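Okay, target19.json is below, JSON, C-alpha atoms:
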[["chain", "number", "residue", "atom", "x", "y", "z"],
["R", 1, "MET", "CA", 213.32, 100.71, 141.67],
["R", 2, "TYR", "CA", 211.59, 99.92, 138.37],
["R", 3, "ASN", "CA", 210.40, 96.57, 139.65],
["R", 4, "GLU", "CA", 208.98, 98.11, 142.77],
["R", 5, "VAL", "CA", 206.99, 100.62, 140.70],
["R", 6, "ASN", "CA", 205.60, 97.89, 138.43],
["R", 7, "MET", "CA", 204.67, 95.82, 141.42],
["R", 8, "THR", "CA", 202.88, 98.76, 142.94],
["R", 9, "ARG", "CA", 200.98, 99.40, 139.68],
["R", 10, "ARG", "CA", 199.98, 95.75, 139.44],
["R", 11, "THR", "CA", 198.82, 95.80, 143.01],
["R", 12, "LEU", "CA", 196.67, 98.89, 142.38],
["R", 13, "VAL", "CA", 195.18, 97.38, 139.21],
["R", 14, "GLY", "CA", 194.38, 94.20, 141.06],
["R", 15, "ILE", "CA", 192.74, 96.12, 143.86],
["R", 16, "SER", "CA", 190.71, 98.09, 141.32],
["R", 17, "LEU", "CA", 189.55, 94.92, 139.60],
["R", 18, "VAL", "CA", 188.60, 93.36, 142.88],
["R", 19, "ALA", "CA", 186.69, 96.51, 143.85],
["R", 20, "MET", "CA", 184.86, 96.49, 140.53],
["R", 21, "LEU", "CA", 183.93, 92.83, 140.94],
["R", 22, "VAL", "CA", 182.67, 93.51, 144.45],
["R", 23, "MET", "CA", 180.51, 96.39, 143.15],
["R", 24, "VAL", "CA", 179.09, 94.22, 140.38],
["R", 25, "LEU", "CA", 178.29, 91.47, 142.85],
["R", 26, "LEU", "CA", 176.62, 93.97, 145.19],
["R", 27, "LEU", "CA", 174.46, 95.30, 142.33],
["R", 28, "LEU", "CA", 173.46, 91.77, 141.35],
["R", 29, "VAL", "CA", 172.54, 90.91, 144.91],
["R", 30, "LYS", "CA", 170.50, 94.13, 145.24],
["R", 31, "GLU", "CA", 168.54, 93.45, 142.05],
["R", 32, "ALA", "CA", 167.87, 89.89, 143.13],
["R", 33, "ALA", "CA", 166.58, 91.05, 146.50],
["R", 34, "ALA", "CA", 164.37, 93.83, 145.07],
["R", 35, "PRO", "CA", 160.64, 92.86, 144.62],
["R", 36, "SER", "CA", 159.75, 92.27, 141.02],
["R", 37, "ALA", "CA", 157.15, 94.53, 139.42],
["R", 38, "PRO", "CA", 153.77, 92.87, 139.06],
["R", 39, "LYS", "CA", 153.10, 91.47, 135.65],
["R", 40, "VAL", "CA", 150.45, 93.55, 133.88],
["R", 41, "THR", "CA", 148.20, 91.68, 131.53],
["R", 42, "ALA", "CA", 145.75, 93.24, 129.13],
["R", 43, "PRO", "CA", 142.15, 92.72, 130.18],
["R", 44, "THR", "CA", 140.43, 89.94, 128.29],
["R", 45, "LYS", "CA", 137.36, 91.04, 126.44],
["R", 46, "SER", "CA", 134.54, 88.64, 127.20],
["R", 47, "ALA", "CA", 132.02, 87.90, 124.50],
["R", 48, "PRO", "CA", 128.93, 90.10, 124.83],
["R", 49, "ARG", "CA", 126.06, 88.36, 126.55],
["R", 50, "THR", "CA", 123.16, 87.84, 124.26],
["R", 51, "THR", "CA", 119.68, 87.56, 125.66],
["R", 52, "GLN", "CA", 117.48, 85.24, 123.69],
["R", 53, "PRO", "CA", 113.95, 86.61, 123.33],
["R", 54, "LYS", "CA", 111.44, 84.49, 125.16],
["R", 55, "ALA", "CA", 109.11, 82.59, 122.90],
["R", 56, "THR", "CA", 105.65, 84.03, 123.29],
["R", 57, "THR", "CA", 102.70, 81.67, 123.35],
["R", 58, "PHE", "CA", 99.48, 82.85, 121.78],
["R", 59, "ASP", "CA", 96.85, 83.35, 124.47],
["R", 60, "LYS", "CA", 93.86, 81.25, 123.47],
["R", 61, "THR", "CA", 91.83, 82.49, 126.42],
["R", 62, "GLN", "CA", 91.58, 86.14, 125.37],
["R", 63, "PHE", "CA", 88.02, 85.66, 124.12],
["R", 64, "SER", "CA", 85.28, 83.13, 124.69],
["R", 65, "THR", "CA", 84.63, 80.37, 122.16],
["R", 66, "THR", "CA", 81.08, 79.85, 123.42],
["R", 67, "ASP", "CA", 79.72, 83.38, 123.88],
["R", 68, "PRO", "CA", 78.01, 84.39, 120.60],
["R", 69, "SER", "CA", 79.09, 88.00, 121.10],
["R", 70, "SER", "CA", 82.76, 86.93, 120.99],
["R", 71, "PRO", "CA", 84.65, 87.11, 117.67],
["R", 72, "TRP", "CA", 86.11, 83.70, 118.53],
["R", 73, "VAL", "CA", 82.81, 81.91, 119.10],
["R", 74, "VAL", "CA", 82.83, 78.47, 117.47],
["R", 75, "VAL", "CA", 79.52, 77.63, 115.85],
["R", 76, "ASN", "CA", 79.10, 74.27, 114.16],
["R", 77, "LYS", "CA", 76.82, 71.23, 114.20],
["R", 78, "GLN", "CA", 78.12, 70.23, 117.62],
["R", 79, "HIS", "CA", 77.97, 73.72, 119.11],
["R", 80, "PRO", "CA", 74.79, 75.77, 118.57],
["R", 81, "LEU", "CA", 74.36, 79.35, 119.65],
["R", 82, "SER", "CA", 73.25, 80.05, 123.18],
["R", 83, "PRO", "CA", 70.68, 81.47, 123.29],
["R", 84, "ILE", "CA", 69.52, 79.69, 120.16],
["R", 85, "ASP", "CA", 67.81, 82.87, 118.85],
["R", 86, "TYR", "CA", 70.77, 85.18, 119.61],
["R", 87, "THR", "CA", 70.72, 88.63, 117.98],
["R", 88, "PRO", "CA", 73.81, 90.92, 117.98],
["R", 89, "ASN", "CA", 73.28, 94.49, 119.16],
["R", 90, "ASP", "CA", 75.80, 96.46, 117.10],
["R", 91, "LEU", "CA", 74.99, 95.65, 113.49],
["R", 92, "MET", "CA", 76.28, 98.00, 110.79],
["R", 93, "PRO", "CA", 75.61, 98.12, 107.03],
["R", 94, "VAL", "CA", 78.27, 96.69, 104.71],
["R", 95, "GLY", "CA", 76.55, 97.45, 101.42],
["R", 96, "ASN", "CA", 74.07, 95.58, 99.24],
["R", 97, "GLY", "CA", 71.52, 95.70, 102.06],
["R", 98, "GLN", "CA", 73.70, 93.49, 104.29],
["R", 99, "GLN", "CA", 74.85, 93.97, 107.87],
["R", 100, "MET", "CA", 77.62, 92.70, 110.14],
["R", 101, "ARG", "CA", 78.87, 93.31, 113.66],
["R", 102, "ALA", "CA", 80.53, 96.73, 113.90],
["R", 103, "GLU", "CA", 84.10, 95.43, 114.23],
["R", 104, "ALA", "CA", 83.68, 92.98, 111.36],
["R", 105, "ALA", "CA", 81.93, 95.58, 109.20],
["R", 106, "THR", "CA", 84.83, 98.01, 109.58],
["R", 107, "ALA", "CA", 87.36, 95.31, 108.66],
["R", 108, "LEU", "CA", 85.29, 94.18, 105.66],
["R", 109, "LYS", "CA", 85.04, 97.71, 104.29],
["R", 110, "THR", "CA", 88.81, 98.10, 104.57],
["R", 111, "MET", "CA", 89.35, 94.81, 102.75],
["R", 112, "PHE", "CA", 86.89, 95.78, 100.01],
["R", 113, "SER", "CA", 88.61, 99.16, 99.63],
["R", 114, "ASP", "CA", 92.06, 97.57, 99.29],
["R", 115, "ALA", "CA", 90.66, 95.04, 96.83],
["R", 116, "GLN", "CA", 89.20, 97.88, 94.77],
["R", 117, "ALA", "CA", 92.60, 99.57, 94.70],
["R", 118, "GLY", "CA", 93.98, 96.32, 93.30],
["R", 119, "GLY", "CA", 91.34, 96.15, 90.58],
["R", 120, "TYR", "CA", 88.83, 93.82, 92.26],
["R", 121, "THR", "CA", 85.25, 94.82, 92.98],
["R", 122, "LEU", "CA", 83.75, 92.79, 95.82],
["R", 123, "VAL", "CA", 80.24, 92.74, 97.23],
["R", 124, "ALA", "CA", 78.68, 91.34, 100.40],
["R", 125, "ASP", "CA", 76.06, 88.86, 99.23],
["R", 126, "SER", "CA", 74.94, 87.80, 102.69],
["R", 127, "GLY", "CA", 75.96, 89.01, 106.14],
["R", 128, "TYR", "CA", 73.93, 88.76, 109.31],
["R", 129, "ARG", "CA", 70.92, 86.47, 109.13],
["R", 130, "SER", "CA", 68.42, 86.33, 111.98],
["R", 131, "TYR", "CA", 67.14, 83.11, 113.49],
["R", 132, "SER", "CA", 63.83, 83.49, 111.64],
["R", 133, "THR", "CA", 65.63, 84.17, 108.36],
["R", 134, "GLN", "CA", 67.72, 81.04, 108.86],
["R", 135, "VAL", "CA", 64.56, 79.04, 109.42],
["R", 136, "SER", "CA", 63.35, 80.12, 105.97],
["R", 137, "THR", "CA", 66.76, 79.59, 104.35],
["R", 138, "TYR", "CA", 67.22, 76.09, 105.75],
["R", 139, "ASN", "CA", 63.67, 74.98, 105.01],
["R", 140, "SER", "CA", 64.05, 76.16, 101.41],
["R", 141, "GLU", "CA", 67.21, 74.06, 101.05],
["R", 142, "VAL", "CA", 65.48, 71.01, 102.49],
["R", 143, "LYS", "CA", 62.50, 71.45, 100.17],
["R", 144, "ALA", "CA", 64.72, 71.90, 97.11],
["R", 145, "TYR", "CA", 67.43, 69.28, 97.76],
["R", 146, "GLY", "CA", 66.36, 67.08, 100.66],
["R", 147, "GLN", "CA", 67.55, 67.22, 104.24],
["R", 148, "ALA", "CA", 70.81, 65.29, 103.73],
["R", 149, "LYS", "CA", 72.11, 67.69, 101.11],
["R", 150, "ALA", "CA", 70.68, 70.69, 102.93],
["R", 151, "ASP", "CA", 72.65, 69.71, 106.04],
["R", 152, "SER", "CA", 75.86, 69.59, 104.01],
["R", 153, "GLU", "CA", 75.59, 73.17, 102.80],
["R", 154, "SER", "CA", 73.11, 75.05, 104.99],
["R", 155, "ALA", "CA", 73.07, 75.39, 108.76],
["R", 156, "ARG", "CA", 70.00, 74.65, 110.79],
["R", 157, "PRO", "CA", 68.52, 77.63, 112.66],
["R", 158, "GLY", "CA", 70.64, 78.45, 115.70],
["R", 159, "TYR", "CA", 73.71, 76.70, 114.21],
["R", 160, "SER", "CA", 74.65, 79.30, 111.61],
["R", 161, "GLU", "CA", 77.69, 81.58, 111.73],
["R", 162, "HIS", "CA", 75.64, 84.16, 109.86],
["R", 163, "GLN", "CA", 73.39, 84.53, 112.90],
["R", 164, "THR", "CA", 76.41, 85.75, 114.94],
["R", 165, "GLY", "CA", 77.00, 88.70, 112.61],
["R", 166, "TRP", "CA", 80.64, 87.62, 112.21],
["R", 167, "ALA", "CA", 80.26, 85.83, 108.85],
["R", 168, "VAL", "CA", 79.84, 87.07, 105.29],
["R", 169, "ASP", "CA", 79.35, 85.58, 101.83],
["R", 170, "ILE", "CA", 81.33, 87.52, 99.23],
["R", 171, "GLY", "CA", 80.67, 87.76, 95.50],
["R", 172, "ALA", "CA", 82.27, 89.40, 92.47],
["R", 173, "ASP", "CA", 82.05, 89.63, 88.68],
["R", 174, "GLY", "CA", 78.58, 88.09, 88.37],
["R", 175, "CYS", "CA", 79.42, 85.15, 90.65],
["R", 176, "HIS", "CA", 77.39, 85.18, 93.83],
["R", 177, "VAL", "CA", 77.23, 82.45, 96.51],
["R", 178, "ALA", "CA", 78.63, 79.96, 94.01],
["R", 179, "ASP", "CA", 81.73, 77.85, 93.50],
["R", 180, "CYS", "CA", 82.84, 80.05, 90.61],
["R", 181, "PHE", "CA", 83.99, 82.66, 93.16],
["R", 182, "GLY", "CA", 87.07, 80.56, 93.90],
["R", 183, "ASP", "CA", 88.02, 80.56, 90.21],
["R", 184, "LEU", "CA", 87.89, 84.34, 89.89],
["R", 185, "PRO", "CA", 91.02, 86.45, 90.40],
["R", 186, "ALA", "CA", 88.94, 88.49, 92.85],
["R", 187, "GLY", "CA", 87.98, 85.38, 94.79],
["R", 188, "GLN", "CA", 91.55, 84.11, 94.85],
["R", 189, "TRP", "CA", 92.70, 87.51, 96.11],
["R", 190, "VAL", "CA", 90.23, 87.31, 99.00],
["R", 191, "GLN", "CA", 91.22, 83.74, 99.86],
["R", 192, "ALA", "CA", 94.91, 84.70, 99.92],
["R", 193, "ASN", "CA", 94.61, 88.03, 101.72],
["R", 194, "SER", "CA", 91.56, 87.91, 103.98],
["R", 195, "TYR", "CA", 93.61, 86.92, 107.04],
["R", 196, "LYS", "CA", 95.34, 90.32, 106.91],
["R", 197, "TYR", "CA", 91.96, 91.89, 107.71],
["R", 198, "GLY", "CA", 90.94, 89.42, 110.40],
["R", 199, "PHE", "CA", 88.97, 86.96, 108.25],
["R", 200, "ILE", "CA", 89.45, 83.29, 107.48],
["R", 201, "TRP", "CA", 88.14, 81.26, 104.57],
["R", 202, "ARG", "CA", 85.95, 79.13, 106.78],
["R", 203, "TYR", "CA", 84.89, 76.15, 104.65],
["R", 204, "THR", "CA", 87.58, 74.73, 102.38],
["R", 205, "SER", "CA", 87.65, 71.43, 100.50],
["R", 206, "ASP", "CA", 90.27, 69.93, 102.81],
["R", 207, "ASN", "CA", 88.44, 70.50, 106.11],
["R", 208, "THR", "CA", 84.90, 69.30, 105.43],
["R", 209, "ASP", "CA", 85.28, 66.44, 107.95],
["R", 210, "VAL", "CA", 86.09, 69.02, 110.62],
["R", 211, "THR", "CA", 83.63, 71.80, 109.81],
["R", 212, "GLY", "CA", 80.80, 69.55, 108.65],
["R", 213, "TYR", "CA", 80.15, 71.55, 105.47],
["R", 214, "ARG", "CA", 81.21, 71.21, 101.89],
["R", 215, "ALA", "CA", 83.65, 73.74, 100.46],
["R", 216, "GLU", "CA", 82.22, 77.24, 100.14],
["R", 217, "ALA", "CA", 84.62, 79.48, 98.24],
["R", 218, "TRP", "CA", 82.55, 82.53, 99.15],
["R", 219, "HIS", "CA", 82.07, 82.15, 102.93],
["R", 220, "PHE", "CA", 84.41, 84.12, 105.19],
["R", 221, "ARG", "CA", 84.39, 84.44, 108.94],
["R", 222, "TYR", "CA", 85.71, 87.38, 110.96],
["R", 223, "ILE", "CA", 87.84, 86.32, 113.97],
["R", 224, "GLY", "CA", 90.05, 89.40, 114.45],
["R", 225, "ALA", "CA", 93.46, 90.25, 113.03],
["R", 226, "ALA", "CA", 95.50, 88.65, 115.86],
["R", 227, "LEU", "CA", 93.90, 85.21, 115.66],
["R", 228, "ALA", "CA", 93.77, 85.23, 111.86],
["R", 229, "ALA", "CA", 97.49, 86.04, 111.72],
["R", 230, "GLU", "CA", 98.32, 83.31, 114.25],
["R", 231, "MET", "CA", 96.33, 80.67, 112.40],
["R", 232, "HIS", "CA", 97.96, 81.71, 109.13],
["R", 233, "LYS", "CA", 101.42, 81.49, 110.74],
["R", 234, "GLU", "CA", 100.71, 78.03, 112.15],
["R", 235, "GLY", "CA", 99.05, 76.79, 108.97],
["R", 236, "ILE", "CA", 95.83, 75.89, 110.79],
["R", 237, "THR", "CA", 92.69, 76.45, 108.75],
["R", 238, "THR", "CA", 89.83, 75.72, 111.14],
["R", 239, "LEU", "CA", 88.72, 77.12, 114.47],
["R", 240, "GLU", "CA", 87.93, 73.59, 115.63],
["R", 241, "GLN", "CA", 91.54, 72.45, 115.17],
["R", 242, "PHE", "CA", 93.06, 75.60, 116.61],
["R", 243, "PHE", "CA", 90.97, 75.49, 119.79],
["R", 244, "ASN", "CA", 90.67, 71.69, 119.91],
["R", 245, "ILE", "CA", 86.89, 71.85, 119.73],
["R", 246, "SER", "CA", 84.69, 69.10, 118.34],
["R", 247, "GLY", "CA", 83.06, 69.42, 114.95],
["R", 248, "GLY", "CA", 82.05, 67.16, 112.09],
["R", 249, "PRO", "CA", 79.09, 66.46, 109.82],
["R", 250, "ASN", "CA", 76.60, 65.25, 112.43],
["R", 251, "TYR", "CA", 74.37, 67.41, 114.60],
["R", 252, "ASN", "CA", 74.55, 66.86, 118.34]]

For this file, produce the structure as structure tokens.
Amino acid sequence: MYNEVNMTRRTLVGISLVAMLVMVLLLLVKEAAAPSAPKVTAPTKSAPRTTQPKATTFDKTQFSTTDPSSPWVVVNKQHPLSPIDYTPNDLMPVGNGQQMRAEAATALKTMFSDAQAGGYTLVADSGYRSYSTQVSTYNSEVKAYGQAKADSESARPGYSEHQTGWAVDIGADGCHVADCFGDLPAGQWVQANSYKYGFIWRYTSDNTDVTGYRAEAWHFRYIGAALAAEMHKEGITTLEQFFNISGGPNYN
């Protein structure tokens, strides 16, 4: 009887184990058959797109280089004024009995005011000069020094920047229309800062072959703030070089 009971128990245990194994196998098969969950990946952050600013090219066609009423007009021994006896129509006083074109006059007064605030007193020695005045000025130079020297430092009538109303000779501290202006702190201030007001130091010692004139520390030419800033940025000191216009010491 005891053996029969043990056999029965063993049989039941075996059946239970088999049943458990079957259940485990069924679970494994079910999991294997079930679709796997999609793999979720964190979105990749792409580097922000940077837009490079487009390089802007200075527009050299904004104003004429031949029209005497233009602030960009190029006047030299190769390029006279047209008409030869041109007279501007908007002259304004700039002190000391001198006149300039309205736009240039306003800029000059601002520059003089800022110079005064910095301790420098400037004066306009010569602004606009008419054709007839230039006749007298040039002839006086020829009579005093001869034509060759006169041509190196005084424009013939119709070839002078002063006749446009855009040019001015500046003096200070007892130095007027003379080389000493470049040695004065006031003169050096003008040479270093005039571009901020739309002026350029027109005749320097390193560009005489281009402009056709000897260095004139006192002669400044209004061309407008935009062009003056661009020329300063590019390190170009003459209108001839900037606009690729002929110049030189010989008259056409």

Please, which residues in region 124-224 of chain R fall within 12 Å of region 75-95 of chain R when counting all atoms listed in the file, and what is the closest atom pair and distance in Å to one decimal for each, ordered by chain then residue number, as CSV?
residue,atom,partner,partner_atom,distance
R:Ala124,CA,R:Gly95,CA,6.6
R:Asp125,CA,R:Gly95,CA,8.9
R:Ser126,CA,R:Val94,CA,9.7
R:Gly127,CA,R:Val94,CA,8.1
R:Tyr128,CA,R:Leu91,CA,8.1
R:Arg129,CA,R:Thr87,CA,9.1
R:Ser130,CA,R:Thr87,CA,6.8
R:Tyr131,CA,R:Asp85,CA,5.4
R:Ser132,CA,R:Asp85,CA,8.3
R:Thr133,CA,R:Asp85,CA,10.8
R:Gln134,CA,R:Asp85,CA,10.2
R:Val135,CA,R:Asp85,CA,10.7
R:Asp151,CA,R:Lys77,CA,9.3
R:Ser152,CA,R:Lys77,CA,10.4
R:Glu153,CA,R:Lys77,CA,11.6
R:Ser154,CA,R:Lys77,CA,10.6
R:Ala155,CA,R:Lys77,CA,7.8
R:Arg156,CA,R:Lys77,CA,8.4
R:Pro157,CA,R:Ile84,CA,7.8
R:Gly158,CA,R:Ile84,CA,4.8
R:Tyr159,CA,R:Pro80,CA,4.6
R:Ser160,CA,R:Val75,CA,6.7
R:Glu161,CA,R:Val75,CA,6.0
R:His162,CA,R:Val75,CA,9.7
R:Gln163,CA,R:Thr87,CA,7.1
R:Thr164,CA,R:Pro88,CA,6.5
R:Gly165,CA,R:Pro88,CA,6.6
R:Trp166,CA,R:Pro88,CA,9.5
R:Ala167,CA,R:Val75,CA,10.8
R:Val168,CA,R:Val94,CA,9.8
R:Asp169,CA,R:Val94,CA,11.5
R:Ile170,CA,R:Val94,CA,11.1
R:Arg202,CA,R:Asn76,CA,11.2
R:Tyr203,CA,R:Asn76,CA,11.3
R:Thr208,CA,R:Asn76,CA,11.6
R:Asp209,CA,R:Lys77,CA,11.6
R:Val210,CA,R:Asn76,CA,9.4
R:Thr211,CA,R:Asn76,CA,6.7
R:Gly212,CA,R:Lys77,CA,7.0
R:Tyr213,CA,R:Asn76,CA,9.2
R:Arg221,CA,R:Val75,CA,10.9

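Taking only C-alpha atoms into account, those protein, DNA and RNA residues with any atom at most 9 Å away from (89.5, 87.9, 99.7) amount to Met111, Phe112, Ala115, Leu122, Ile170, Ala186, Gly187, Gln188, Trp189, Val190, Gln191, Ala192, Asn193, Ser194, Tyr195, Phe199, Trp201, Trp218 and Phe220 of chain R.
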
Problem - Pick from R:Phe181, R:Asn207, R:Asp173, R:Thr56 nearest to Leu239 (chain R), counting all atoms listed in the file - result: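 Closest residue, counting all atoms listed in the file: R:Asn207.
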
Fill in the blank from the handout: Of R:Arg214, R:Val73, R:Glu234, R:Glu103, the one sitting nearest Ala150 (chain R) when using only C-alpha atoms is R:Arg214

Exercise for the section: Write out as a ChimeraX atom specification the residues lying within 10 Å of Phe58 (chain R), counting only C-alpha atoms and excluding same-chain residues fewer than 2 positions away. Expected result: /R:55-56,60-62,226-227,230

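Here the question is which of R:Ser246, R:Gly235, R:Gly224, R:Gly118 gets nearest to Ser70 (chain R) using all atoms listed in the file, and that residue is R:Gly224.
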
Exercise for the section: Grab the CA of Leu108 (chain R) to CA of Met231 (chain R) distance for me, in Å with one decimal place. Expected result: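 Spanning CA of Leu108 (chain R) to CA of Met231 (chain R) is a straight-line distance of 18.7 Å.
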
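Reported to one decimal place, the separation of CA of Phe243 (chain R) from CA of Asp59 (chain R) is 10.9 Å.
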
Handout entry: Pairwise distance for CA of Gly182 (chain R) and CA of Ala217 (chain R), rounded to one decimal in Å
Key =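 One can read the CA of Gly182 (chain R) to CA of Ala217 (chain R) distance as 5.1 Å.
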
Is there a way to complete region 200-213 of chain R with N, CA and C atoms and then write that out as a PDB file, in the frame of the given file?
ATOM      1  N   ILE R 200      88.945  84.566 107.981  1.00  0.00           N
ATOM      2  CA  ILE R 200      89.450  83.290 107.480  1.00  0.00           C
ATOM      3  C   ILE R 200      88.449  82.736 106.474  1.00  0.00           C
ATOM      4  N   TRP R 201      88.983  82.017 105.507  1.00  0.00           N
ATOM      5  CA  TRP R 201      88.140  81.260 104.570  1.00  0.00           C
ATOM      6  C   TRP R 201      87.678  80.048 105.356  1.00  0.00           C
ATOM      7  N   ARG R 202      86.421  80.050 105.749  1.00  0.00           N
ATOM      8  CA  ARG R 202      85.950  79.130 106.780  1.00  0.00           C
ATOM      9  C   ARG R 202      85.755  77.693 106.302  1.00  0.00           C
ATOM     10  N   TYR R 203      85.214  77.502 105.107  1.00  0.00           N
ATOM     11  CA  TYR R 203      84.890  76.150 104.650  1.00  0.00           C
ATOM     12  C   TYR R 203      85.659  75.826 103.380  1.00  0.00           C
ATOM     13  N   THR R 204      86.765  75.110 103.534  1.00  0.00           N
ATOM     14  CA  THR R 204      87.580  74.730 102.380  1.00  0.00           C
ATOM     15  C   THR R 204      87.379  73.246 102.080  1.00  0.00           C
ATOM     16  N   SER R 205      87.861  72.818 100.929  1.00  0.00           N
ATOM     17  CA  SER R 205      87.650  71.430 100.500  1.00  0.00           C
ATOM     18  C   SER R 205      88.412  70.427 101.349  1.00  0.00           C
ATOM     19  N   ASP R 206      89.461  70.874 102.042  1.00  0.00           N
ATOM     20  CA  ASP R 206      90.270  69.930 102.810  1.00  0.00           C
ATOM     21  C   ASP R 206      89.891  69.868 104.288  1.00  0.00           C
ATOM     22  N   ASN R 207      88.823  70.565 104.689  1.00  0.00           N
ATOM     23  CA  ASN R 207      88.440  70.500 106.110  1.00  0.00           C
ATOM     24  C   ASN R 207      86.959  70.185 106.316  1.00  0.00           C
ATOM     25  N   THR R 208      86.339  69.577 105.319  1.00  0.00           N
ATOM     26  CA  THR R 208      84.900  69.300 105.430  1.00  0.00           C
ATOM     27  C   THR R 208      84.604  68.330 106.582  1.00  0.00           C
ATOM     28  N   ASP R 209      85.508  67.394 106.861  1.00  0.00           N
ATOM     29  CA  ASP R 209      85.280  66.440 107.950  1.00  0.00           C
ATOM     30  C   ASP R 209      85.310  67.133 109.311  1.00  0.00           C
ATOM     31  N   VAL R 210      85.978  68.280 109.366  1.00  0.00           N
ATOM     32  CA  VAL R 210      86.090  69.020 110.620  1.00  0.00           C
ATOM     33  C   VAL R 210      84.935  70.009 110.778  1.00  0.00           C
ATOM     34  N   THR R 211      84.663  70.764 109.718  1.00  0.00           N
ATOM     35  CA  THR R 211      83.630  71.800 109.810  1.00  0.00           C
ATOM     36  C   THR R 211      82.223  71.250 109.628  1.00  0.00           C
ATOM     37  N   GLY R 212      82.117  70.130 108.892  1.00  0.00           N
ATOM     38  CA  GLY R 212      80.800  69.550 108.650  1.00  0.00           C
ATOM     39  C   GLY R 212      80.102  70.088 107.423  1.00  0.00           C
ATOM     40  N   TYR R 213      80.771  70.968 106.665  1.00  0.00           N
ATOM     41  CA  TYR R 213      80.150  71.550 105.470  1.00  0.00           C
ATOM     42  C   TYR R 213      81.062  71.373 104.260  1.00  0.00           C
TER      43      TYR R 213
END
